[in-house]
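A.B. asks: Quick one, protein.cif (mmCIF, C-alpha atoms):
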```cif
data_my_file
#
loop_
_atom_site.label_atom_id
_atom_site.label_comp_id
_atom_site.auth_asym_id
_atom_site.auth_seq_id
_atom_site.Cartn_x
_atom_site.Cartn_y
_atom_site.Cartn_z
CA MET N 1 7.91 15.70 -11.32
CA ARG N 2 10.66 14.66 -13.65
CA GLU N 3 13.75 15.41 -11.60
CA PRO N 4 16.35 12.64 -11.89
CA VAL N 5 16.04 9.89 -9.30
CA ALA N 6 17.76 6.54 -8.85
CA SER N 7 16.46 3.42 -10.56
CA VAL N 8 14.96 0.50 -8.68
CA ARG N 9 17.08 -2.63 -8.64
CA GLU N 10 15.84 -5.24 -11.13
CA ARG N 11 15.73 -9.01 -11.43
CA SER N 12 14.67 -11.13 -14.41
CA ASP N 13 15.25 -14.57 -12.88
CA VAL N 14 12.16 -14.83 -10.67
CA ARG N 15 9.24 -17.09 -11.60
CA ALA N 16 5.63 -16.82 -10.48
CA ASP N 17 5.76 -20.40 -9.16
CA ALA N 18 9.02 -19.94 -7.24
CA LEU N 19 9.01 -16.67 -5.34
CA PRO N 20 12.16 -15.93 -3.28
CA VAL N 21 10.08 -14.50 -0.44
CA ASP N 22 12.67 -14.88 2.34
CA GLU N 23 15.38 -13.39 0.15
CA LEU N 24 13.23 -10.36 -0.70
CA LEU N 25 12.31 -9.76 2.92
CA GLU N 26 15.89 -10.10 4.16
CA ALA N 27 17.14 -7.53 1.61
CA GLY N 28 14.40 -5.08 2.62
CA GLN N 29 14.68 -3.07 -0.59
CA PRO N 30 12.30 -2.57 -3.53
CA VAL N 31 12.99 -4.89 -6.45
CA VAL N 32 11.51 -4.92 -9.96
CA LEU N 33 10.64 -8.46 -11.05
CA ARG N 34 10.71 -8.18 -14.82
CA ALA N 35 8.29 -10.34 -16.82
CA LEU N 36 7.10 -12.13 -13.67
CA VAL N 37 3.49 -12.38 -14.92
CA ARG N 38 3.97 -12.15 -18.67
CA ASP N 39 2.29 -15.55 -19.10
CA TRP N 40 -0.89 -14.63 -17.25
CA GLU N 41 -4.01 -14.90 -19.38
CA LEU N 42 -4.97 -11.32 -18.54
CA THR N 43 -1.51 -10.04 -19.45
CA ARG N 44 -1.56 -11.81 -22.81
CA ALA N 45 -5.04 -10.46 -23.53
CA GLY N 46 -3.90 -6.91 -22.78
CA GLN N 47 -0.91 -7.33 -25.08
CA ARG N 48 -3.35 -8.05 -27.91
CA SER N 49 -5.69 -5.13 -27.26
CA THR N 50 -7.62 -3.18 -24.63
CA THR N 51 -10.79 -4.81 -25.92
CA ASP N 52 -9.37 -8.28 -25.28
CA ALA N 53 -8.24 -7.31 -21.78
CA MET N 54 -11.70 -6.02 -20.90
CA ALA N 55 -13.28 -9.14 -22.38
CA CYS N 56 -11.00 -11.31 -20.27
CA LEU N 57 -12.12 -9.54 -17.11
CA ALA N 58 -15.77 -9.71 -18.17
CA ARG N 59 -15.52 -13.46 -18.75
CA PHE N 60 -14.59 -14.09 -15.11
CA TYR N 61 -16.82 -11.42 -13.57
CA ASN N 62 -19.60 -12.84 -11.37
CA GLN N 63 -21.85 -9.73 -11.43
CA ARG N 64 -21.28 -8.81 -7.81
CA PRO N 65 -21.64 -5.06 -7.17
CA ILE N 66 -18.48 -3.01 -6.77
CA GLN N 67 -17.46 0.41 -5.50
CA TYR N 68 -15.39 2.69 -7.70
CA SER N 69 -14.35 6.32 -7.86
CA HIS N 70 -15.33 8.90 -10.44
CA GLY N 71 -13.63 12.27 -10.76
CA ALA N 72 -13.98 15.21 -13.11
CA PRO N 73 -11.45 15.66 -15.94
CA ASP N 74 -9.81 18.58 -14.14
CA ILE N 75 -8.35 16.35 -11.38
CA ALA N 76 -6.18 14.69 -14.07
CA GLY N 77 -6.49 11.26 -12.50
CA ARG N 78 -5.17 12.34 -9.09
CA VAL N 79 -7.47 10.88 -6.45
CA PHE N 80 -6.86 13.44 -3.72
CA TYR N 81 -8.48 16.04 -1.47
CA ASN N 82 -10.62 19.09 -2.04
CA ASP N 83 -9.02 22.49 -1.46
CA ASP N 84 -9.42 22.50 2.33
CA PHE N 85 -8.55 18.81 2.89
CA THR N 86 -11.96 18.02 4.43
CA ALA N 87 -13.20 15.66 1.71
CA ILE N 88 -11.99 13.60 -1.24
CA ASN N 89 -12.14 15.09 -4.73
CA CYS N 90 -13.87 12.01 -6.21
CA GLN N 91 -17.36 10.60 -5.95
CA VAL N 92 -17.66 7.00 -4.79
CA LEU N 93 -20.19 5.10 -6.87
CA ARG N 94 -21.75 1.68 -6.52
CA GLY N 95 -22.38 -0.33 -9.65
CA THR N 96 -20.98 -3.19 -11.69
CA LEU N 97 -17.61 -3.95 -13.20
CA THR N 98 -19.35 -3.94 -16.58
CA GLU N 99 -20.42 -0.34 -16.05
CA LEU N 100 -16.91 0.67 -14.97
CA LEU N 101 -15.31 -0.95 -18.02
CA ASP N 102 -17.89 0.72 -20.29
CA GLU N 103 -17.13 4.14 -18.79
CA ILE N 104 -13.38 3.66 -19.21
CA GLY N 105 -13.88 2.36 -22.75
CA ALA N 106 -15.98 5.38 -23.72
CA HIS N 107 -13.08 7.74 -22.96
CA LEU N 108 -10.03 5.83 -24.21
CA ASP N 109 -9.21 8.50 -26.80
CA ASP N 110 -9.99 11.55 -24.64
CA PRO N 111 -6.93 13.73 -23.96
CA ARG N 112 -8.48 14.72 -20.58
CA PRO N 113 -10.82 11.91 -19.58
CA PRO N 114 -12.81 11.71 -16.38
CA THR N 115 -11.18 9.60 -13.70
CA TRP N 116 -12.53 6.07 -13.31
CA TYR N 117 -10.89 3.87 -10.68
CA MET N 118 -11.67 0.68 -8.79
CA ALA N 119 -9.16 0.13 -6.00
CA SER N 120 -8.23 -3.01 -4.08
CA ALA N 121 -11.13 -5.32 -4.94
CA PRO N 122 -10.68 -8.95 -3.81
CA VAL N 123 -10.06 -11.13 -6.85
CA ASP N 124 -11.65 -14.27 -5.40
CA ALA N 125 -14.88 -12.48 -4.54
CA LEU N 126 -15.19 -10.68 -7.88
CA LEU N 127 -13.42 -12.77 -10.51
CA PRO N 128 -13.66 -16.42 -9.41
CA GLY N 129 -11.55 -18.70 -11.58
CA LEU N 130 -9.05 -16.05 -12.66
CA ARG N 131 -6.42 -17.39 -10.26
CA GLU N 132 -6.41 -20.76 -12.02
CA THR N 133 -4.21 -19.18 -14.70
CA ASP N 134 -3.19 -15.84 -13.15
CA ASP N 135 -1.62 -16.19 -9.72
CA LEU N 136 1.61 -16.15 -7.71
CA ASN N 137 2.53 -19.23 -5.70
CA PHE N 138 2.72 -17.81 -2.19
CA ALA N 139 1.43 -21.09 -0.80
CA ALA N 140 4.83 -22.70 -1.45
CA SER N 141 6.23 -20.28 1.16
CA GLY N 142 3.41 -20.99 3.61
CA ILE N 143 1.89 -17.54 3.08
CA ASP N 144 -1.79 -16.73 2.64
CA ALA N 145 -1.83 -13.64 0.42
CA PRO N 146 -5.14 -13.37 -1.43
CA PRO N 147 -4.79 -11.06 -4.45
CA ARG N 148 -6.57 -7.76 -4.99
CA ILE N 149 -7.21 -6.01 -8.29
CA TRP N 150 -6.99 -2.34 -9.30
CA ILE N 151 -8.64 -1.16 -12.53
CA GLY N 152 -8.69 2.36 -13.97
CA ASN N 153 -7.52 4.78 -16.61
CA ARG N 154 -4.66 7.26 -16.10
CA THR N 155 -5.07 7.39 -12.33
CA ILE N 156 -2.58 8.51 -9.69
CA ALA N 157 -2.27 6.95 -6.25
CA SER N 158 -0.45 9.62 -4.24
CA ALA N 159 2.61 8.56 -2.27
CA HIS N 160 1.63 6.42 0.71
CA TYR N 161 2.92 3.49 2.74
CA ASP N 162 1.37 0.14 3.63
CA ALA N 163 1.95 -1.78 6.85
CA MET N 164 2.33 -5.03 4.90
CA ASN N 165 4.77 -6.29 2.29
CA ASN N 166 3.56 -6.07 -1.27
CA ILE N 167 4.17 -7.61 -4.68
CA ALA N 168 2.32 -5.54 -7.27
CA CYS N 169 1.87 -7.16 -10.69
CA ASN N 170 1.28 -4.86 -13.63
CA ALA N 171 -1.02 -6.98 -15.81
CA VAL N 172 -2.33 -4.43 -18.33
CA GLY N 173 -0.94 -1.05 -19.41
CA ARG N 174 2.08 0.69 -17.89
CA ARG N 175 2.69 2.16 -14.48
CA ARG N 176 5.36 4.38 -12.99
CA PHE N 177 6.38 3.75 -9.38
CA THR N 178 8.33 6.30 -7.34
CA LEU N 179 9.48 4.94 -3.98
CA PHE N 180 10.94 6.42 -0.79
CA PRO N 181 12.37 4.71 2.32
CA PRO N 182 10.34 5.00 5.54
CA GLU N 183 12.65 7.59 7.12
CA GLN N 184 11.58 10.14 4.49
CA ILE N 185 8.14 10.54 6.07
CA SER N 186 8.70 14.12 7.27
CA ASN N 187 10.07 15.17 3.87
CA LEU N 188 6.96 13.87 2.11
CA TYR N 189 4.51 16.09 4.02
CA PRO N 190 1.81 13.56 4.99
CA GLY N 191 -1.79 14.72 4.84
CA PRO N 192 -4.58 14.16 7.37
CA LEU N 193 -4.94 10.79 9.04
CA GLU N 194 -8.65 11.02 8.24
CA PRO N 195 -10.17 11.20 5.71
CA THR N 196 -7.75 9.61 3.26
CA PRO N 197 -8.12 8.97 -0.47
CA GLY N 198 -7.52 5.22 -0.15
CA GLY N 199 -7.40 4.24 3.50
CA GLN N 200 -3.79 5.34 4.08
CA VAL N 201 -2.28 8.74 4.76
CA VAL N 202 -0.81 10.25 1.57
CA SER N 203 1.75 12.90 0.71
CA VAL N 204 0.14 16.24 -0.12
CA VAL N 205 2.90 17.13 -2.60
CA ASP N 206 1.76 17.23 -6.21
CA PHE N 207 4.44 15.12 -7.86
CA ALA N 208 3.51 16.44 -11.31
CA ALA N 209 4.28 20.02 -10.24
CA PRO N 210 5.90 20.10 -6.80
CA ASP N 211 5.78 23.43 -5.00
CA PHE N 212 9.26 23.54 -3.44
CA GLY N 213 8.51 26.90 -1.87
CA LYS N 214 5.66 25.38 0.11
CA TYR N 215 7.25 21.94 0.58
CA PRO N 216 11.03 22.56 0.55
CA ARG N 217 11.99 19.30 2.25
CA PHE N 218 10.56 17.37 -0.69
CA ARG N 219 13.92 17.93 -2.44
CA GLU N 220 15.52 15.87 0.33
CA ALA N 221 13.00 13.12 -0.26
CA LEU N 222 13.81 13.10 -3.97
CA ALA N 223 17.48 12.57 -3.15
CA SER N 224 16.48 9.21 -1.63
CA ALA N 225 13.87 8.29 -4.23
CA GLN N 226 13.87 5.31 -6.58
CA ALA N 227 11.70 5.13 -9.69
CA VAL N 228 10.79 2.67 -12.42
CA GLU N 229 8.25 2.15 -15.19
CA LEU N 230 6.61 -1.24 -15.30
CA GLU N 231 5.52 -2.73 -18.61
CA ALA N 232 2.69 -5.24 -18.86
CA GLY N 233 3.88 -8.47 -17.24
CA ASP N 234 6.34 -6.80 -14.84
CA ALA N 235 5.98 -6.75 -11.07
CA ILE N 236 7.60 -4.96 -8.15
CA PHE N 237 8.29 -5.97 -4.56
CA ILE N 238 7.64 -3.12 -2.10
CA PRO N 239 8.76 -3.73 1.50
CA ASN N 240 6.34 -2.70 4.19
CA MET N 241 6.44 0.96 5.25
CA TRP N 242 8.12 2.11 2.01
CA TRP N 243 6.31 5.07 0.48
CA HIS N 244 5.19 4.57 -3.12
CA HIS N 245 3.61 6.92 -5.64
CA VAL N 246 1.88 5.07 -8.49
CA GLU N 247 0.87 6.56 -11.85
CA GLY N 248 -1.19 4.74 -14.49
CA LEU N 249 0.31 5.71 -17.84
CA GLU N 250 -2.15 4.23 -20.35
CA PRO N 251 -5.85 4.82 -21.08
CA PHE N 252 -6.55 1.42 -19.46
CA ASN N 253 -4.48 -0.12 -16.65
CA VAL N 254 -4.94 -3.21 -14.48
CA LEU N 255 -2.78 -4.15 -11.50
CA VAL N 256 -3.04 -7.21 -9.24
CA ASN N 257 -1.28 -7.04 -5.90
CA TYR N 258 -0.52 -9.36 -3.00
CA TRP N 259 -0.15 -8.05 0.56
CA TRP N 260 1.23 -10.16 3.35
CA SER N 261 2.51 -9.58 6.86
CA SER N 262 5.77 -10.77 8.38
CA VAL N 263 4.13 -11.24 11.78
CA ARG N 264 1.43 -13.53 13.13
CA HIS N 265 -2.18 -12.92 12.16
CA ASP N 266 -3.15 -12.01 15.74
CA VAL N 267 -0.71 -9.08 15.90
CA PRO N 268 -2.78 -5.91 15.33
CA THR N 269 -1.82 -3.00 13.12
CA PRO N 270 0.52 -0.49 14.79
CA MET N 271 -1.87 2.27 13.67
CA HIS N 272 -3.94 1.52 16.78
CA ALA N 273 -0.87 2.24 18.90
CA LEU N 274 -0.20 5.43 16.94
CA TYR N 275 -3.68 6.81 17.64
CA HIS N 276 -3.36 5.88 21.30
CA ALA N 277 0.06 7.57 21.49
CA LEU N 278 -1.35 10.75 19.93
CA TRP N 279 -3.89 10.78 22.72
CA ALA N 280 -1.67 9.62 25.60
CA ILE N 281 1.81 11.01 24.84
CA ARG N 282 2.04 13.69 22.15
CA ASP N 283 0.84 16.67 24.23
CA ARG N 284 2.83 15.93 27.37
CA PRO N 285 5.73 18.23 28.40
CA GLU N 286 8.91 17.66 26.42
CA HIS N 287 10.81 16.17 29.38
CA GLU N 288 8.04 13.60 29.84
CA LYS N 289 8.05 12.76 26.13
CA ARG N 290 11.80 12.21 26.23
CA ALA N 291 11.35 9.87 29.19
CA TRP N 292 8.58 7.94 27.42
CA ARG N 293 10.79 7.66 24.34
CA ASP N 294 13.36 5.92 26.53
CA VAL N 295 10.67 3.64 27.93
CA PHE N 296 9.49 2.67 24.45
CA ASP N 297 13.06 2.11 23.30
CA TYR N 298 13.55 -0.26 26.21
CA TYR N 299 10.30 -2.22 25.95
CA VAL N 300 9.36 -1.97 22.28
CA PHE N 301 12.06 -0.82 19.88
CA GLY N 302 15.00 -2.61 21.44
CA PRO N 303 15.70 -6.36 21.34
CA ALA N 304 12.50 -8.27 22.10
CA GLU N 305 14.08 -10.30 24.87
CA ARG N 306 15.95 -7.48 26.65
CA ALA N 307 13.25 -6.26 29.03
CA ALA N 308 12.63 -9.73 30.46
CA GLU N 309 16.04 -11.39 30.29
CA HIS N 310 16.81 -10.74 33.98
CA LEU N 311 13.42 -12.04 35.17
CA PRO N 312 12.44 -15.65 35.90
CA GLU N 313 10.22 -17.08 33.20
CA GLN N 314 7.16 -17.33 35.45
CA ALA N 315 7.35 -13.58 36.18
CA ARG N 316 7.68 -12.29 32.62
CA GLY N 317 4.00 -11.99 31.73
CA ALA N 318 3.51 -9.70 28.72
CA LEU N 319 7.29 -9.24 28.51
CA GLY N 320 7.69 -12.85 27.47
CA PRO N 321 6.80 -14.41 24.11
CA LEU N 322 3.23 -13.51 23.18
CA ASP N 323 1.41 -16.79 22.75
CA GLU N 324 -2.32 -17.04 22.07
CA THR N 325 -3.25 -16.89 25.75
CA ARG N 326 -1.17 -13.78 26.47
CA VAL N 327 -2.53 -12.07 23.37
CA ARG N 328 -6.08 -12.62 24.62
CA GLN N 329 -5.11 -11.31 28.06
CA LEU N 330 -3.48 -8.18 26.63
CA ARG N 331 -6.46 -7.47 24.41
CA ALA N 332 -8.92 -7.88 27.28
CA MET N 333 -6.82 -5.67 29.55
CA LEU N 334 -6.60 -2.90 26.96
CA ILE N 335 -10.33 -2.97 26.23
CA ASP N 336 -11.10 -2.86 29.95
CA ARG N 337 -8.79 0.08 30.65
CA LEU N 338 -9.87 2.09 27.62
CA ASN N 339 -13.50 1.69 28.62
CA ARG N 340 -12.97 3.03 32.14
#
```
Can you give me the file's structure in the form of structure tokens?
C.D. replies:
Amino acid sequence: MREPVASVRERSDVRADALPVDELLEAGQPVVLRALVRDWELTRAGQRSTTDAMACLARFYNQRPIQYSHGAPDIAGRVFYNDDFTAINCQVLRGTLTELLDEIGAHLDDPRPPTWYMASAPVDALLPGLRETDDLNFAASGIDAPPRIWIGNRTIASAHYDAMNNIACNAVGRRRFTLFPPEQISNLYPGPLEPTPGGQVVSVVDFAAPDFGKYPRFREALASAQAVELEAGDAIFIPNMWWHHVEGLEPFNVLVNYWWSSVRHDVPTPMHALYHALWAIRDRPEHEKRAWRDVFDYYVFGPAERAAEHLPEQARGALGPLDETRVRQLRAMLIDRLNR
């Protein structure tokens, strides 16, 4: 896919030790943070050579086993489905980071290398000490956002969304991000809810060669798309629920990302509610679904205080602010009713 799309807004005034978290969240739009992590040790090593970048990772590696994906050359780095969408087109292996780096290193000059990809490994558990020099200061904003690391060759993470906010730091290599606002979901043709290539539903459109006859609404998605290439040291803020398609553009690429939620830690993922709604609401008659849409608009999607504002405080129950006690009560009630 190389149709023209809009560019992502950029900033070059943000520092790793002074993140404008509230400002980013309030704007609610993707932003490229140029050179945010150019001073990281890993970034500087990658600027010297691939060998130095791999050596930097190896120096911090604590020999814990990892899981990573391996795909044949013919998938061209696209971690995706088999032909009938019943399984993933890669094999998940268990080994060491040393083995993964050796496999990537053995194919650096191949025009069509096999796919090698470790996704979303926790930095603290795998590379203790790396954060002493390579980290973003989320703590200054009162946010606990432990970093995760992604290592591979020219891999493609098909367009997907995350339920949390994200700052993705491109430490080694180059990556191309193509982003779409949440309302484009139907124009992106989401695949199965299960299985998924990386834990999240992905678009089934092949961005490298989109079939507009089969997926005509994808042109509408492209009209709302934003795209950017990140150099080593650049980062990008991706608001939660924004779709993003990520392509590794070099023979060796490393990304470190930080996810964090804008809600309390005891608020569960809305995916649970989605599965329950598929079961409880989707197949009802249309007039009932319209009525339930009104109910949800009133209780859930409208102002948080609206449904209880006419009630005395002692009668509000779950309609009032959800403190720790009410959260426990709601959870127990749901478990009890689902088990009946």
A.B. asks: Set up a box along x, y and z of the file covering all listed atoms of stretch 241-260 of chain N, add 8 Å on every one of the six sides, and write the centre and edge lengths in Å to one decimal, as JSON.
C.D. replies:
```
{"center_x": 0.8, "center_y": -1.6, "center_z": -7.9, "size_x": 30.7, "size_y": 33.1, "size_z": 42.3}
```
A.B. asks: Find, counting only C-alpha atoms, the residue in N:Asp134, N:Asp162, N:Glu99, N:Asp283 that gets nearest to N:Ile238.
C.D. replies: N:Asp162
A.B. asks: Restrict the calculation to only C-alpha atoms, then for each residue of stretch 121-223 of chain N with any atom at most 12 Å from an atom of stretch 5-22 of chain N give the closest atom pair and their distance in Å to one decimal, rows by chain and rising residue number, as a Markdown table.
C.D. replies:
```
| residue | atom | partner | partner_atom | distance |
| --- | --- | --- | --- | --- |
| N:Thr133 | CA | N:Ala16 | CA | 11.0 |
| N:Asp134 | CA | N:Ala16 | CA | 9.3 |
| N:Asp135 | CA | N:Ala16 | CA | 7.3 |
| N:Leu136 | CA | N:Ala16 | CA | 4.9 |
| N:Asn137 | CA | N:Asp17 | CA | 4.9 |
| N:Phe138 | CA | N:Leu19 | CA | 7.1 |
| N:Ala139 | CA | N:Asp17 | CA | 9.4 |
| N:Ala140 | CA | N:Ala18 | CA | 7.7 |
| N:Ser141 | CA | N:Val21 | CA | 7.1 |
| N:Gly142 | CA | N:Val21 | CA | 10.1 |
| N:Ile143 | CA | N:Val21 | CA | 9.4 |
| N:Ala145 | CA | N:Val21 | CA | 12.0 |
| N:Asn165 | CA | N:Val21 | CA | 10.2 |
| N:Asn166 | CA | N:Val21 | CA | 10.7 |
| N:Ile167 | CA | N:Val21 | CA | 10.0 |
| N:Cys169 | CA | N:Ala16 | CA | 10.4 |
| N:Arg176 | CA | N:Val8 | CA | 11.2 |
| N:Phe177 | CA | N:Val8 | CA | 9.2 |
| N:Thr178 | CA | N:Val5 | CA | 8.7 |
| N:Leu179 | CA | N:Val8 | CA | 8.5 |
| N:Phe180 | CA | N:Val5 | CA | 10.5 |
| N:Arg219 | CA | N:Val5 | CA | 10.8 |
| N:Glu220 | CA | N:Val5 | CA | 11.3 |
| N:Ala221 | CA | N:Val5 | CA | 10.1 |
| N:Leu222 | CA | N:Val5 | CA | 6.6 |
| N:Ala223 | CA | N:Val5 | CA | 6.9 |
```
A.B. asks: Here's the selection I'm unsure about, the PyMOL selection byres ((chain N and resi 71) around 10); applied to the file above, which residues does it give, as a list of chain:residue names?
C.D. replies: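 Listing what the PyMOL selection byres ((chain N and resi 71) around 10) selects in the shown file: N:Ser69, N:His70, N:Ala72, N:Pro73, N:Asp74, N:Ile75, N:Ala76, N:Gly77, N:Arg78, N:Val79, N:Phe80, N:Ile88, N:Asn89, N:Cys90, N:Gln91, N:Val92, N:Pro113, N:Pro114, N:Thr115, N:Trp116, N:Tyr117, N:Thr155.
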A.B. asks: Restricting the calculation to only C-alpha atoms, which member of N:Arg34, N:Arg175, N:Arg340, N:Arg264 is positioned closest to N:Phe252?
C.D. replies: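 Ranked by minimum distance to N:Phe252, first place goes to N:Arg175.
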A.B. asks: Counting all atoms listed in the file, figure out which residue out of N:Gly233, N:Thr98, N:Thr325, N:Thr196 gets nearest to N:Gln47.
C.D. replies: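 Counting all atoms listed in the file, the residue closest to N:Gln47 is N:Gly233.
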A.B. asks: What gap, in Å, lies between atom CA of N:Val32 and atom CA of N:Pro239?
C.D. replies: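 Atom CA of N:Pro239 lies 11.8 Å from atom CA of N:Val32.
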A.B. asks: Within 10 Å of N:Pro128, counting all atoms listed in the file, which residues show up once you throw out same-chain ones fewer than 5 positions away? Write them as an MDAnalysis selection string, please.
C.D. replies: chainID N and resid 59:62 122:123
A.B. asks: Okay, now the selection with C-alpha atoms, as a compact mmCIF listing (two decimals), in the coordinates of the input?
C.D. replies:
```txt
# COMPACT_ATOMS: atom_id res chain seq x y z
CA ARG N 59 -15.52 -13.46 -18.75
CA PHE N 60 -14.59 -14.09 -15.11
CA TYR N 61 -16.82 -11.42 -13.57
CA ASN N 62 -19.60 -12.84 -11.37
CA PRO N 122 -10.68 -8.95 -3.81
CA VAL N 123 -10.06 -11.13 -6.85
```
A.B. asks: Quick one, how far is atom CA of N:Leu36 from atom CA of N:Leu24?
C.D. replies: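 It comes out at 14.5 Å.
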A.B. asks: When distances are computed from all atoms listed in the file, which of N:Phe296, N:Tyr161, N:Trp259, N:Tyr81 shows the smallest separation from N:Ser120?
C.D. replies: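 The answer is N:Trp259, which sits nearest to N:Ser120.
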A.B. asks: Of the candidates N:Gly105, N:Ala273, N:Met241, N:Leu130, which one gets nearest to N:Ser261 if we count all atoms listed in the file?
C.D. replies: N:Met241
A.B. asks: Please expand the PyMOL selection byres ((chain N and resi 248) around 7) into the concrete residues it hits in this file, giving the result as a ChimeraX atom specification.
C.D. replies: /N:153-156,174-176,246-247,249-250,253
A.B. asks: Between atom CA of N:Arg331 and atom CA of N:Lys289, what distance in Å does the model show, to one decimal?
C.D. replies: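 About the pair atom CA of N:Arg331 and atom CA of N:Lys289: they are 25.0 Å apart.
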